[in-house]
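A.B. asks: Coordinates in work-v2.txt, compact mmCIF, C-alpha atoms, are listed below.
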```txt
# COMPACT_ATOMS: atom_id res chain seq x y z
CA MET A 1 -96.07 -42.07 21.29
CA GLU A 2 -93.47 -40.90 23.85
CA LYS A 3 -94.80 -40.05 27.25
CA ARG A 4 -94.86 -36.30 27.76
CA ILE A 5 -92.64 -34.74 30.40
CA LYS A 6 -94.92 -33.12 32.92
CA THR A 7 -92.86 -32.89 36.11
CA PRO A 8 -89.18 -32.52 37.12
CA GLY A 9 -89.48 -36.12 38.35
CA ASP A 10 -90.22 -37.32 34.79
CA LEU A 11 -87.13 -35.51 33.55
CA LYS A 12 -85.03 -37.07 36.32
CA THR A 13 -86.28 -40.57 35.40
CA ILE A 14 -85.34 -40.06 31.75
CA ARG A 15 -81.92 -38.68 32.79
CA GLU A 16 -81.18 -41.73 34.97
CA LYS A 17 -82.25 -44.11 32.19
CA VAL A 18 -80.16 -42.45 29.48
CA LYS A 19 -77.17 -42.08 31.84
CA ALA A 20 -77.28 -45.81 32.62
CA GLU A 21 -77.38 -46.63 28.89
CA ILE A 22 -74.40 -44.36 28.18
CA ASP A 23 -72.44 -45.90 31.09
CA VAL A 24 -73.03 -49.38 29.69
CA ARG A 25 -71.99 -48.26 26.22
CA LEU A 26 -68.79 -46.60 27.44
CA GLY A 27 -67.90 -49.39 29.83
CA ARG A 28 -66.92 -48.70 33.43
CA LYS A 29 -66.04 -45.24 34.52
CA GLU A 30 -62.49 -44.44 35.29
CA ILE A 31 -60.71 -45.29 38.51
CA LEU A 32 -58.00 -42.92 39.66
CA ILE A 33 -54.95 -44.25 41.47
CA THR A 34 -52.65 -41.70 43.08
CA VAL A 35 -49.23 -42.95 44.14
CA HIS A 36 -47.67 -40.80 46.85
CA MET A 37 -44.19 -39.89 45.71
CA GLY A 38 -42.75 -37.45 48.19
CA THR A 39 -39.15 -37.94 49.33
CA CYS A 40 -40.36 -40.38 52.00
CA GLY A 41 -42.44 -42.38 49.48
CA ILE A 42 -39.58 -42.56 46.97
CA ALA A 43 -37.14 -43.69 49.69
CA ALA A 44 -39.64 -46.38 50.76
CA GLY A 45 -39.98 -47.74 47.21
CA ALA A 46 -42.83 -45.81 45.54
CA ARG A 47 -41.16 -45.99 42.11
CA ASP A 48 -41.10 -49.79 42.17
CA ILE A 49 -44.72 -49.80 43.37
CA LEU A 50 -45.73 -47.60 40.43
CA SER A 51 -43.77 -49.80 37.96
CA CYS A 52 -45.39 -52.90 39.47
CA LEU A 53 -48.82 -51.27 39.24
CA MET A 54 -48.24 -50.45 35.55
CA GLU A 55 -47.20 -54.04 34.93
CA GLU A 56 -50.19 -55.53 36.76
CA LEU A 57 -52.67 -53.26 34.93
CA HIS A 58 -51.05 -54.19 31.61
CA LYS A 59 -51.20 -57.93 32.42
CA ALA A 60 -54.87 -57.70 33.41
CA SER A 61 -55.63 -55.59 30.27
CA ILE A 62 -57.27 -52.91 32.42
CA ASP A 63 -57.59 -49.62 30.55
CA TYR A 64 -60.01 -47.68 32.75
CA VAL A 65 -57.44 -46.60 35.33
CA THR A 66 -55.74 -43.21 35.37
CA LEU A 67 -52.48 -43.00 37.29
CA LYS A 68 -51.44 -39.88 39.12
CA GLN A 69 -48.62 -38.96 41.43
CA SER A 70 -48.66 -36.66 44.38
CA GLY A 71 -46.46 -35.64 47.25
CA CYS A 72 -46.33 -36.88 50.81
CA LEU A 73 -49.66 -37.47 52.56
CA GLY A 74 -48.16 -36.92 56.00
CA LEU A 75 -48.11 -40.58 57.07
CA CYS A 76 -44.47 -41.26 56.19
CA ASP A 77 -44.29 -44.44 58.28
CA LYS A 78 -47.06 -46.02 56.15
CA GLU A 79 -45.20 -45.46 52.85
CA PRO A 80 -45.27 -46.63 50.09
CA MET A 81 -48.89 -45.57 49.82
CA MET A 82 -51.52 -45.04 47.17
CA THR A 83 -55.03 -43.62 47.11
CA LEU A 84 -57.63 -45.33 44.94
CA THR A 85 -60.59 -43.15 43.99
CA ASP A 86 -63.44 -45.28 42.66
CA LYS A 87 -66.08 -44.32 40.10
CA ASP A 88 -68.31 -42.87 42.83
CA GLY A 89 -65.51 -40.63 44.07
CA LYS A 90 -64.91 -42.65 47.24
CA GLU A 91 -61.28 -42.71 48.39
CA PHE A 92 -59.40 -45.74 49.69
CA VAL A 93 -55.90 -45.21 51.08
CA TYR A 94 -53.66 -48.28 50.90
CA GLY A 95 -50.38 -48.36 52.83
CA LYS A 96 -47.19 -50.39 53.32
CA LEU A 97 -47.46 -51.61 49.75
CA ASP A 98 -45.40 -54.34 48.15
CA LYS A 99 -45.69 -56.37 44.94
CA ASN A 100 -48.04 -58.96 46.44
CA ARG A 101 -50.33 -56.32 47.89
CA ILE A 102 -50.45 -54.49 44.54
CA HIS A 103 -51.43 -57.73 42.80
CA GLU A 104 -54.21 -58.38 45.32
CA ILE A 105 -55.51 -54.80 45.09
CA VAL A 106 -55.53 -54.85 41.26
CA VAL A 107 -57.33 -58.20 41.16
CA GLY A 108 -59.65 -57.59 44.11
CA HIS A 109 -60.46 -53.88 44.04
CA VAL A 110 -59.63 -52.51 40.56
CA ALA A 111 -60.96 -55.51 38.60
CA GLY A 112 -63.28 -57.03 41.22
CA GLY A 113 -64.69 -53.86 42.78
CA LYS A 114 -64.17 -55.03 46.37
CA PRO A 115 -61.76 -53.05 48.60
CA VAL A 116 -58.99 -55.13 50.15
CA SER A 117 -59.73 -54.01 53.70
CA GLU A 118 -56.67 -55.49 55.45
CA TYR A 119 -54.30 -53.18 53.51
CA LEU A 120 -56.30 -50.00 54.05
CA VAL A 121 -54.73 -47.32 56.23
CA LYS A 122 -57.02 -46.84 59.18
CA MET B 1 -31.75 -43.30 48.96
CA ARG B 2 -30.28 -46.34 47.29
CA GLU B 3 -29.92 -44.90 43.77
CA LEU B 4 -29.12 -41.57 42.10
CA SER B 5 -32.10 -42.23 39.83
CA LEU B 6 -34.34 -42.06 42.92
CA HIS B 7 -32.87 -38.66 43.77
CA ILE B 8 -33.62 -37.66 40.16
CA LEU B 9 -37.22 -38.84 40.64
CA ASP B 10 -37.43 -36.62 43.71
CA LEU B 11 -36.07 -33.65 41.71
CA LEU B 12 -38.59 -34.36 38.93
CA GLU B 13 -41.38 -34.32 41.52
CA ASN B 14 -40.08 -30.88 42.63
CA SER B 15 -40.18 -29.67 38.99
CA ILE B 16 -43.77 -30.82 38.60
CA ARG B 17 -44.75 -29.06 41.81
CA ALA B 18 -43.12 -25.93 40.34
CA ASN B 19 -45.56 -26.18 37.40
CA ALA B 20 -42.89 -27.17 34.87
CA SER B 21 -44.05 -28.34 31.45
CA VAL B 22 -40.62 -28.81 29.85
CA ILE B 23 -37.88 -30.85 31.53
CA TRP B 24 -34.39 -31.62 30.23
CA LEU B 25 -32.32 -34.26 32.00
CA THR B 26 -28.68 -34.70 31.06
CA ILE B 27 -26.49 -37.48 32.41
CA ALA B 28 -22.88 -37.06 31.35
CA VAL B 29 -20.20 -39.66 31.98
CA TYR B 30 -16.53 -38.85 31.38
CA PRO B 31 -14.49 -41.98 32.22
CA ASP B 32 -11.18 -40.24 31.28
CA LYS B 33 -11.82 -37.40 33.74
CA ASN B 34 -13.38 -39.71 36.37
CA LEU B 35 -16.45 -37.49 36.29
CA LEU B 36 -20.22 -38.00 36.45
CA GLU B 37 -22.52 -35.04 35.90
CA ILE B 38 -26.28 -34.76 36.28
CA PHE B 39 -28.14 -31.69 35.00
CA LEU B 40 -31.84 -31.26 35.47
CA GLU B 41 -33.49 -28.18 33.99
CA ASP B 42 -37.09 -27.10 33.90
CA ASN B 43 -39.31 -24.16 33.00
CA GLY B 44 -41.11 -24.04 36.34
CA PHE B 45 -41.33 -21.03 38.63
CA GLY B 46 -37.84 -21.59 40.03
CA LEU B 47 -36.44 -21.40 43.51
CA GLY B 48 -37.27 -17.99 44.98
CA VAL B 49 -34.70 -18.42 47.78
CA PRO B 50 -30.88 -18.67 47.80
CA ALA B 51 -29.44 -22.12 47.03
CA GLU B 52 -28.09 -22.64 50.55
CA VAL B 53 -31.58 -22.08 51.99
CA ALA B 54 -33.17 -24.57 49.55
CA THR B 55 -30.71 -27.31 50.51
CA ASP B 56 -31.32 -26.77 54.22
CA PRO B 57 -33.25 -29.83 55.51
CA PHE B 58 -35.39 -27.51 57.65
CA TYR B 59 -36.57 -25.47 54.68
CA THR B 60 -39.72 -26.46 52.80
CA THR B 61 -42.29 -24.72 50.60
CA LYS B 62 -45.04 -27.11 51.69
CA LYS B 63 -47.66 -25.82 54.09
CA GLY B 64 -47.91 -27.60 57.42
CA LYS B 65 -44.42 -29.13 57.20
CA ARG B 66 -41.18 -28.25 58.89
CA ILE B 67 -38.69 -30.33 56.95
CA GLY B 68 -37.82 -30.70 53.27
CA LEU B 69 -35.32 -33.47 52.75
CA GLY B 70 -35.18 -33.92 48.95
CA LEU B 71 -32.46 -31.46 47.96
CA SER B 72 -30.49 -31.83 51.20
CA LEU B 73 -30.28 -35.63 50.78
CA PHE B 74 -29.19 -35.21 47.15
CA ARG B 75 -26.50 -32.71 48.18
CA GLU B 76 -25.24 -35.15 50.77
CA ALA B 77 -25.09 -37.99 48.21
CA VAL B 78 -23.17 -35.75 45.78
CA GLU B 79 -20.72 -34.48 48.41
CA ARG B 80 -20.10 -38.02 49.63
CA ALA B 81 -18.61 -38.76 46.19
CA ASP B 82 -16.34 -35.70 46.38
CA GLY B 83 -18.77 -33.70 44.30
CA LYS B 84 -20.63 -30.41 44.20
CA LEU B 85 -24.28 -29.48 43.86
CA SER B 86 -25.31 -26.12 42.47
CA LEU B 87 -28.72 -24.58 41.88
CA GLU B 88 -28.92 -21.99 39.12
CA LYS B 89 -31.38 -20.32 36.80
CA SER B 90 -32.16 -22.57 33.87
CA ARG B 91 -32.01 -21.66 30.16
CA LEU B 92 -35.63 -22.84 30.14
CA GLY B 93 -36.60 -20.19 32.68
CA GLY B 94 -36.95 -22.33 35.79
CA LEU B 95 -34.42 -24.08 37.98
CA ALA B 96 -31.25 -25.88 36.87
CA VAL B 97 -29.92 -28.45 39.32
CA LYS B 98 -26.31 -29.28 38.48
CA ALA B 99 -24.44 -32.06 40.22
CA SER B 100 -20.94 -33.24 39.43
CA MET B 101 -19.12 -35.99 41.29
CA LYS B 102 -16.34 -38.51 40.97
CA LEU B 103 -17.39 -41.42 38.80
CA ASN B 104 -15.24 -44.05 40.49
CA HIS B 105 -15.50 -42.79 44.06
CA ILE B 106 -16.08 -45.72 46.43
CA ASP B 107 -18.96 -43.89 48.14
CA ARG B 108 -20.70 -42.78 44.95
CA THR B 109 -24.34 -43.89 44.95
CA PRO B 110 -25.08 -46.12 41.92
CA MET B 111 -27.22 -44.61 39.15
CA GLY B 112 -29.87 -47.36 39.29
CA ASP B 113 -32.83 -47.67 36.97
CA ILE B 114 -33.12 -44.31 35.21
CA ALA B 115 -35.59 -45.77 32.66
CA ALA B 116 -37.95 -46.73 35.52
CA THR B 117 -37.63 -43.23 37.01
CA LEU B 118 -38.57 -41.52 33.75
CA SER B 119 -41.33 -43.94 32.84
CA SER B 120 -42.94 -43.59 36.27
CA ILE B 121 -43.02 -39.79 35.81
CA ILE B 122 -44.40 -40.15 32.26
CA SER B 123 -47.12 -42.61 33.27
CA THR B 124 -48.52 -40.06 35.71
CA ASN B 125 -47.71 -36.92 33.67
CA PRO B 126 -48.04 -37.78 29.96
CA GLN B 127 -48.50 -34.10 29.10
CA LEU B 128 -44.93 -33.20 30.13
CA ASP B 129 -42.31 -32.50 27.47
CA ILE B 130 -39.36 -34.52 28.76
CA SER B 131 -36.03 -34.93 27.00
CA CYS B 132 -33.22 -37.11 28.29
CA PHE B 133 -29.67 -36.66 27.02
CA LEU B 134 -26.91 -39.17 27.72
CA ARG B 135 -23.34 -38.08 27.12
CA VAL B 136 -20.53 -40.61 27.25
CA GLY B 137 -17.16 -39.00 26.54
CA ASP B 138 -17.74 -37.09 23.28
CA LYS B 139 -20.75 -39.12 22.16
CA GLU B 140 -24.29 -37.94 22.82
CA TYR B 141 -27.58 -39.82 22.76
CA ALA B 142 -31.03 -38.33 23.20
CA VAL B 143 -34.57 -39.53 23.83
CA HIS B 144 -37.42 -37.06 23.42
CA LEU B 145 -40.81 -37.96 24.83
CA ALA B 146 -42.75 -35.83 22.32
CA GLU B 147 -40.93 -37.55 19.45
CA GLU B 148 -41.72 -41.02 20.81
CA ALA B 149 -45.38 -40.03 21.27
CA ARG B 150 -45.56 -38.80 17.66
CA ARG B 151 -43.88 -41.94 16.37
CA ILE B 152 -46.48 -44.21 17.91
CA GLY B 153 -49.32 -41.83 17.07
CA MET B 154 -50.25 -40.86 20.59
CA THR B 155 -51.73 -37.63 21.75
CA GLY B 156 -50.28 -37.91 25.22
CA CYS B 157 -53.50 -39.08 26.83
CA ASP B 158 -52.45 -42.68 27.39
CA GLY B 159 -49.70 -42.30 29.97
CA LEU B 160 -49.26 -46.02 30.61
CA ALA B 161 -48.61 -47.00 27.00
CA LEU B 162 -46.43 -43.95 26.45
CA ALA B 163 -44.35 -44.73 29.55
CA ARG B 164 -43.80 -48.29 28.34
CA LYS B 165 -42.62 -47.08 24.91
CA PHE B 166 -40.33 -44.47 26.45
CA SER B 167 -38.86 -47.06 28.80
CA GLU B 168 -38.10 -49.42 25.89
CA LYS B 169 -36.40 -46.61 23.96
CA MET B 170 -34.38 -45.54 27.04
CA LYS B 171 -33.19 -49.10 27.62
CA ALA B 172 -32.14 -49.38 23.95
CA VAL B 173 -30.21 -46.10 24.17
CA LEU B 174 -28.55 -47.11 27.48
CA THR B 175 -27.44 -50.39 25.87
CA GLU B 176 -26.14 -48.50 22.81
CA ALA B 177 -24.20 -46.13 25.06
CA ASN B 178 -22.88 -49.17 26.93
CA LEU B 179 -24.26 -47.83 30.23
CA ASN B 180 -26.81 -50.51 31.04
CA GLY B 181 -26.13 -51.70 34.55
CA SER B 182 -22.59 -50.26 34.62
CA LEU B 183 -23.38 -46.93 36.26
```
Transcribe the structure of this file into structure tokens.
C.D. replies:
Amino acid sequence: MEKRIKTPGDLKTIREKVKAEIDVRLGRKEILITVHMGTCGIAAGARDILSCLMEELHKASIDYVTLKQSGCLGLCDKEPMMTLTDKDGKEFVYGKLDKNRIHEIVVGHVAGGKPVSEYLVK
Amino acid sequence: MRELSLHILDLLENSIRANASVIWLTIAVYPDKNLLEIFLEDNGFGLGVPAEVATDPFYTTKKGKRIGLGLSLFREAVERADGKLSLEKSRLGGLAVKASMKLNHIDRTPMGDIAATLSSIISTNPQLDISCFLRVGDKEYAVHLAEEARRIGMTGCDGLALARKFSEKMKAVLTEANLNGSL
């Protein structure tokens, strides 16, 4: 027989357990990558960064990433830039991007889950 | 900017910020008249200020900023090729950016990768209804995003796959119009 729910704590335990099961069933939660495409970002090569990112995600068969674009973040000298928001909602801002850096970020952070700290904007 | 297609990307970004959901891009090439025209129309909330104010590099609608370079840089690129930029009310209800310039002018910025420009916008905004028309002389070619999405059975939720399909179609149309790499 199922254990009866007597306290809010019991309910919380059940919630956590079911949530974990659903997460496993649905795979990883989505990662959001925002590429900053203001005039400064575009002039610095944001379009090629986005194309490269699309290519890398396709090559690695990663389908849990949503891409978004936004305007200038106010750090024009660090463009091209992107912000990666992980499944816990934590934001990582990467700057001075190029094709090699995108490859390393996709392999290391998107697929591997470890931020590539040397490319983060401090 | 190195390419006209990058200026177009900047204009598309403006349209999205103006809450546009429908965007028509027309690129018309008239080799006989030595003319290149770019029209970008949207159904966003439009300009709200006179055209000369909007193309002023010290005018911006963004809070906390003092400069807005997008339209002023585009105007400069157009005028460099003996051309003219005008901002009007669009048939779609928003803004129509019209640029016409000399096709063979030595200082005309090359068109660049228009397929990459459109696919990068689609990958991040798959819900937009984008149509691209290419006119070469009296021939016209068109690519409609909604049509491509229907053809491959997509609901518009998978921006990456949709952008790839659109890019393939654009490249095929550019080749058919004999414009691939020649603009």
A.B. asks: Set out as JSON lines a contact list for chain A and chain B with a cut-off of 9 Å, giving each residue of chain A that qualifies its closest atom pair and distance in Å to one decimal, counting only C-alpha atoms, ordered by chain and rising residue number.
C.D. replies:
```
{"residue": "A:Thr34", "atom": "CA", "partner": "B:Thr124", "partner_atom": "CA", "distance": 8.6}
{"residue": "A:Val35", "atom": "CA", "partner": "B:Thr124", "partner_atom": "CA", "distance": 8.9}
{"residue": "A:Met37", "atom": "CA", "partner": "B:Glu13", "partner_atom": "CA", "distance": 7.5}
{"residue": "A:Gly38", "atom": "CA", "partner": "B:Asp10", "partner_atom": "CA", "distance": 7.0}
{"residue": "A:Thr39", "atom": "CA", "partner": "B:Gly70", "partner_atom": "CA", "distance": 5.7}
{"residue": "A:Cys40", "atom": "CA", "partner": "B:Leu69", "partner_atom": "CA", "distance": 8.6}
{"residue": "A:Ile42", "atom": "CA", "partner": "B:Leu6", "partner_atom": "CA", "distance": 6.6}
{"residue": "A:Ala43", "atom": "CA", "partner": "B:Met1", "partner_atom": "CA", "distance": 5.5}
{"residue": "A:Ala44", "atom": "CA", "partner": "B:Met1", "partner_atom": "CA", "distance": 8.7}
{"residue": "A:Arg47", "atom": "CA", "partner": "B:Ser120", "partner_atom": "CA", "distance": 6.6}
{"residue": "A:Asp48", "atom": "CA", "partner": "B:Ala116", "partner_atom": "CA", "distance": 8.0}
{"residue": "A:Leu50", "atom": "CA", "partner": "B:Ser120", "partner_atom": "CA", "distance": 6.4}
{"residue": "A:Ser51", "atom": "CA", "partner": "B:Ser120", "partner_atom": "CA", "distance": 6.5}
{"residue": "A:Met54", "atom": "CA", "partner": "B:Leu160", "partner_atom": "CA", "distance": 6.7}
{"residue": "A:His58", "atom": "CA", "partner": "B:Leu160", "partner_atom": "CA", "distance": 8.4}
{"residue": "A:Thr66", "atom": "CA", "partner": "B:Thr124", "partner_atom": "CA", "distance": 7.9}
{"residue": "A:Leu67", "atom": "CA", "partner": "B:Thr124", "partner_atom": "CA", "distance": 5.2}
{"residue": "A:Lys68", "atom": "CA", "partner": "B:Thr124", "partner_atom": "CA", "distance": 4.5}
{"residue": "A:Gln69", "atom": "CA", "partner": "B:Thr124", "partner_atom": "CA", "distance": 5.8}
{"residue": "A:Ser70", "atom": "CA", "partner": "B:Glu13", "partner_atom": "CA", "distance": 8.2}
{"residue": "A:Gly71", "atom": "CA", "partner": "B:Glu13", "partner_atom": "CA", "distance": 7.8}
{"residue": "A:Gly74", "atom": "CA", "partner": "B:Lys65", "partner_atom": "CA", "distance": 8.7}
```
A.B. asks: Restricting it to C-alpha atoms, dump the selection as a PDB file, in the coordinates of the input.
C.D. replies:
```pdb
ATOM      1  CA  THR A  34     -52.650 -41.700  43.080  1.00  0.00           C
ATOM      2  CA  VAL A  35     -49.230 -42.950  44.140  1.00  0.00           C
ATOM      3  CA  MET A  37     -44.190 -39.890  45.710  1.00  0.00           C
ATOM      4  CA  GLY A  38     -42.750 -37.450  48.190  1.00  0.00           C
ATOM      5  CA  THR A  39     -39.150 -37.940  49.330  1.00  0.00           C
ATOM      6  CA  CYS A  40     -40.360 -40.380  52.000  1.00  0.00           C
ATOM      7  CA  ILE A  42     -39.580 -42.560  46.970  1.00  0.00           C
ATOM      8  CA  ALA A  43     -37.140 -43.690  49.690  1.00  0.00           C
ATOM      9  CA  ALA A  44     -39.640 -46.380  50.760  1.00  0.00           C
ATOM     10  CA  ARG A  47     -41.160 -45.990  42.110  1.00  0.00           C
ATOM     11  CA  ASP A  48     -41.100 -49.790  42.170  1.00  0.00           C
ATOM     12  CA  LEU A  50     -45.730 -47.600  40.430  1.00  0.00           C
ATOM     13  CA  SER A  51     -43.770 -49.800  37.960  1.00  0.00           C
ATOM     14  CA  MET A  54     -48.240 -50.450  35.550  1.00  0.00           C
ATOM     15  CA  HIS A  58     -51.050 -54.190  31.610  1.00  0.00           C
ATOM     16  CA  THR A  66     -55.740 -43.210  35.370  1.00  0.00           C
ATOM     17  CA  LEU A  67     -52.480 -43.000  37.290  1.00  0.00           C
ATOM     18  CA  LYS A  68     -51.440 -39.880  39.120  1.00  0.00           C
ATOM     19  CA  GLN A  69     -48.620 -38.960  41.430  1.00  0.00           C
ATOM     20  CA  SER A  70     -48.660 -36.660  44.380  1.00  0.00           C
ATOM     21  CA  GLY A  71     -46.460 -35.640  47.250  1.00  0.00           C
ATOM     22  CA  GLY A  74     -48.160 -36.920  56.000  1.00  0.00           C
TER      23      GLY A  74
END
```
A.B. asks: For atom CA of Ala99 of chain B and atom CA of Val29 of chain B, quote the distance in Å rounded to one decimal.
C.D. replies: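 That distance, rounded to one decimal, is 12.0 Å.
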A.B. asks: Separation of atom CA of Thr55 of chain B and atom CA of Leu134 of chain B, in Å?
C.D. replies: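 Atom CA of Leu134 of chain B lies 26.0 Å from atom CA of Thr55 of chain B.
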A.B. asks: Have a look at atom CA of Arg80 of chain B and atom CA of Asp107 of chain B and let me know their distance in Å, one decimal.
C.D. replies: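 A separation of 6.2 Å between them.
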A.B. asks: Residues at most 9 Å from Val136 of chain B, counting all atoms listed in the file, excluding those fewer than 5 positions away in the same chain, as a list of chain:residue names?
C.D. replies: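 Everything that qualifies: B:Ile27, B:Ala28, B:Val29, B:Tyr30, B:Pro31, B:Tyr141, B:Ala177, B:Asn178, B:Leu179.
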A.B. asks: Using only C-alpha atoms, please write the residues we just selected to a file, as an mmCIF file, in the frame of the given file.
C.D. replies:
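Saved the output as out-v3.cif:
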```cif
data_model
loop_
_atom_site.group_PDB
_atom_site.id
_atom_site.type_symbol
_atom_site.label_atom_id
_atom_site.label_comp_id
_atom_site.auth_asym_id
_atom_site.auth_seq_id
_atom_site.Cartn_x
_atom_site.Cartn_y
_atom_site.Cartn_z
ATOM 1 C CA ILE B 27 -26.490 -37.480 32.410
ATOM 2 C CA ALA B 28 -22.880 -37.060 31.350
ATOM 3 C CA VAL B 29 -20.200 -39.660 31.980
ATOM 4 C CA TYR B 30 -16.530 -38.850 31.380
ATOM 5 C CA PRO B 31 -14.490 -41.980 32.220
ATOM 6 C CA TYR B 141 -27.580 -39.820 22.760
ATOM 7 C CA ALA B 177 -24.200 -46.130 25.060
ATOM 8 C CA ASN B 178 -22.880 -49.170 26.930
ATOM 9 C CA LEU B 179 -24.260 -47.830 30.230
#
```
A.B. asks: Name all residues at most 12 Å from Asp56 of chain B (count all atoms listed in the file; drop same-chain ones fewer than 2 positions away) and give them as a PyMOL selection string.
C.D. replies: chain B and resi 49-54+58-61+66-76
A.B. asks: Can you pull out every residue within 12 Å of Leu145 of chain B, counting only C-alpha atoms, but drop anything in the same chain fewer than 4 positions away, and send it as an NGL selection string?
C.D. replies: :B and (22-25 or 118-119 or 121-123 or 125-133 or 149-152 or 154-156 or 159 or 162-170)
A.B. asks: Given the selection you just returned, output its residues as a file containing C-alpha atoms, formatted as a PDB file, in the coordinates of the input.
C.D. replies:
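Generated output (result15.pdb):
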```pdb
ATOM      1  CA  VAL B  22     -40.620 -28.810  29.850  1.00  0.00           C
ATOM      2  CA  ILE B  23     -37.880 -30.850  31.530  1.00  0.00           C
ATOM      3  CA  TRP B  24     -34.390 -31.620  30.230  1.00  0.00           C
ATOM      4  CA  LEU B  25     -32.320 -34.260  32.000  1.00  0.00           C
ATOM      5  CA  LEU B 118     -38.570 -41.520  33.750  1.00  0.00           C
ATOM      6  CA  SER B 119     -41.330 -43.940  32.840  1.00  0.00           C
ATOM      7  CA  ILE B 121     -43.020 -39.790  35.810  1.00  0.00           C
ATOM      8  CA  ILE B 122     -44.400 -40.150  32.260  1.00  0.00           C
ATOM      9  CA  SER B 123     -47.120 -42.610  33.270  1.00  0.00           C
ATOM     10  CA  ASN B 125     -47.710 -36.920  33.670  1.00  0.00           C
ATOM     11  CA  PRO B 126     -48.040 -37.780  29.960  1.00  0.00           C
ATOM     12  CA  GLN B 127     -48.500 -34.100  29.100  1.00  0.00           C
ATOM     13  CA  LEU B 128     -44.930 -33.200  30.130  1.00  0.00           C
ATOM     14  CA  ASP B 129     -42.310 -32.500  27.470  1.00  0.00           C
ATOM     15  CA  ILE B 130     -39.360 -34.520  28.760  1.00  0.00           C
ATOM     16  CA  SER B 131     -36.030 -34.930  27.000  1.00  0.00           C
ATOM     17  CA  CYS B 132     -33.220 -37.110  28.290  1.00  0.00           C
ATOM     18  CA  PHE B 133     -29.670 -36.660  27.020  1.00  0.00           C
ATOM     19  CA  ALA B 149     -45.380 -40.030  21.270  1.00  0.00           C
ATOM     20  CA  ARG B 150     -45.560 -38.800  17.660  1.00  0.00           C
ATOM     21  CA  ARG B 151     -43.880 -41.940  16.370  1.00  0.00           C
ATOM     22  CA  ILE B 152     -46.480 -44.210  17.910  1.00  0.00           C
ATOM     23  CA  MET B 154     -50.250 -40.860  20.590  1.00  0.00           C
ATOM     24  CA  THR B 155     -51.730 -37.630  21.750  1.00  0.00           C
ATOM     25  CA  GLY B 156     -50.280 -37.910  25.220  1.00  0.00           C
ATOM     26  CA  GLY B 159     -49.700 -42.300  29.970  1.00  0.00           C
ATOM     27  CA  LEU B 162     -46.430 -43.950  26.450  1.00  0.00           C
ATOM     28  CA  ALA B 163     -44.350 -44.730  29.550  1.00  0.00           C
ATOM     29  CA  ARG B 164     -43.800 -48.290  28.340  1.00  0.00           C
ATOM     30  CA  LYS B 165     -42.620 -47.080  24.910  1.00  0.00           C
ATOM     31  CA  PHE B 166     -40.330 -44.470  26.450  1.00  0.00           C
ATOM     32  CA  SER B 167     -38.860 -47.060  28.800  1.00  0.00           C
ATOM     33  CA  GLU B 168     -38.100 -49.420  25.890  1.00  0.00           C
ATOM     34  CA  LYS B 169     -36.400 -46.610  23.960  1.00  0.00           C
ATOM     35  CA  MET B 170     -34.380 -45.540  27.040  1.00  0.00           C
TER      36      MET B 170
END
```
A.B. asks: Would you mind telling me which residue in A:Val18, A:Cys52, A:Thr7, A:Lys114 lies nearest to Arg101 of chain A when using all atoms listed in the file?
C.D. replies: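 Counting all atoms listed in the file, the residue closest to Arg101 of chain A is A:Cys52.
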A.B. asks: Would you kindly identify which residues have an atom no farther than 12 Å from (-60.2, -47.0, 58.8), using all atoms listed in the file and the file's own coordinates, and write them out as a list in words?
C.D. replies: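 Taken together, the residues in range are Glu91, Phe92, Val93, Tyr94, Gly95, Pro115, Val116, Ser117, Glu118, Tyr119, Leu120, Val121 and Lys122 of chain A.
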A.B. asks: Need to verify the contact set: segment 63-65 of chain A, 6 Å, all atoms listed in the file, exclusion of same-chain residues closer than 2 positions in sequence. Can you return it as a PyMOL selection string?
C.D. replies: chain A and resi 30-32
A.B. asks: Here is a test: counting all atoms listed in the file, which residue of B:Lys89, B:Lys98, B:Lys139, B:Lys63 is nearest to Leu40 of chain B?
C.D. replies: B:Lys98
A.B. asks: Is it possible to get the residues within 10 Å of (-48.3, -56.4, 42.3) (coordinates as in the file, counting all atoms listed in the file) written as a CSV table (one decimal) with C-alpha atoms, in the coordinates of the input?
C.D. replies:
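For reference, selection.csv as written:
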```csv
chain,number,residue,atom,x,y,z
A,48,ASP,CA,-41.1,-49.8,42.2
A,49,ILE,CA,-44.7,-49.8,43.4
A,50,LEU,CA,-45.7,-47.6,40.4
A,51,SER,CA,-43.8,-49.8,38.0
A,52,CYS,CA,-45.4,-52.9,39.5
A,53,LEU,CA,-48.8,-51.3,39.2
A,54,MET,CA,-48.2,-50.4,35.6
A,55,GLU,CA,-47.2,-54.0,34.9
A,56,GLU,CA,-50.2,-55.5,36.8
A,57,LEU,CA,-52.7,-53.3,34.9
A,97,LEU,CA,-47.5,-51.6,49.8
A,98,ASP,CA,-45.4,-54.3,48.2
A,99,LYS,CA,-45.7,-56.4,44.9
A,100,ASN,CA,-48.0,-59.0,46.4
A,101,ARG,CA,-50.3,-56.3,47.9
A,102,ILE,CA,-50.4,-54.5,44.5
A,103,HIS,CA,-51.4,-57.7,42.8
A,104,GLU,CA,-54.2,-58.4,45.3
A,105,ILE,CA,-55.5,-54.8,45.1
A,106,VAL,CA,-55.5,-54.8,41.3
A,107,VAL,CA,-57.3,-58.2,41.2
```
A.B. asks: Need the shell around Leu103 of chain B: protein/DNA/RNA residues with any atom at most 10 Å away, counting all atoms listed in the file. Skip same-chain ones fewer than 2 positions apart. Format as a list in words?
C.D. replies: Val29, Tyr30, Pro31, Asp32, Lys33, Asn34, Leu35, Leu36, Glu37, Ala81, Asp82, Gly83, Ser100, Met101, His105, Ile106, Asp107, Arg108, Thr109, Pro110 and Leu183 of chain B
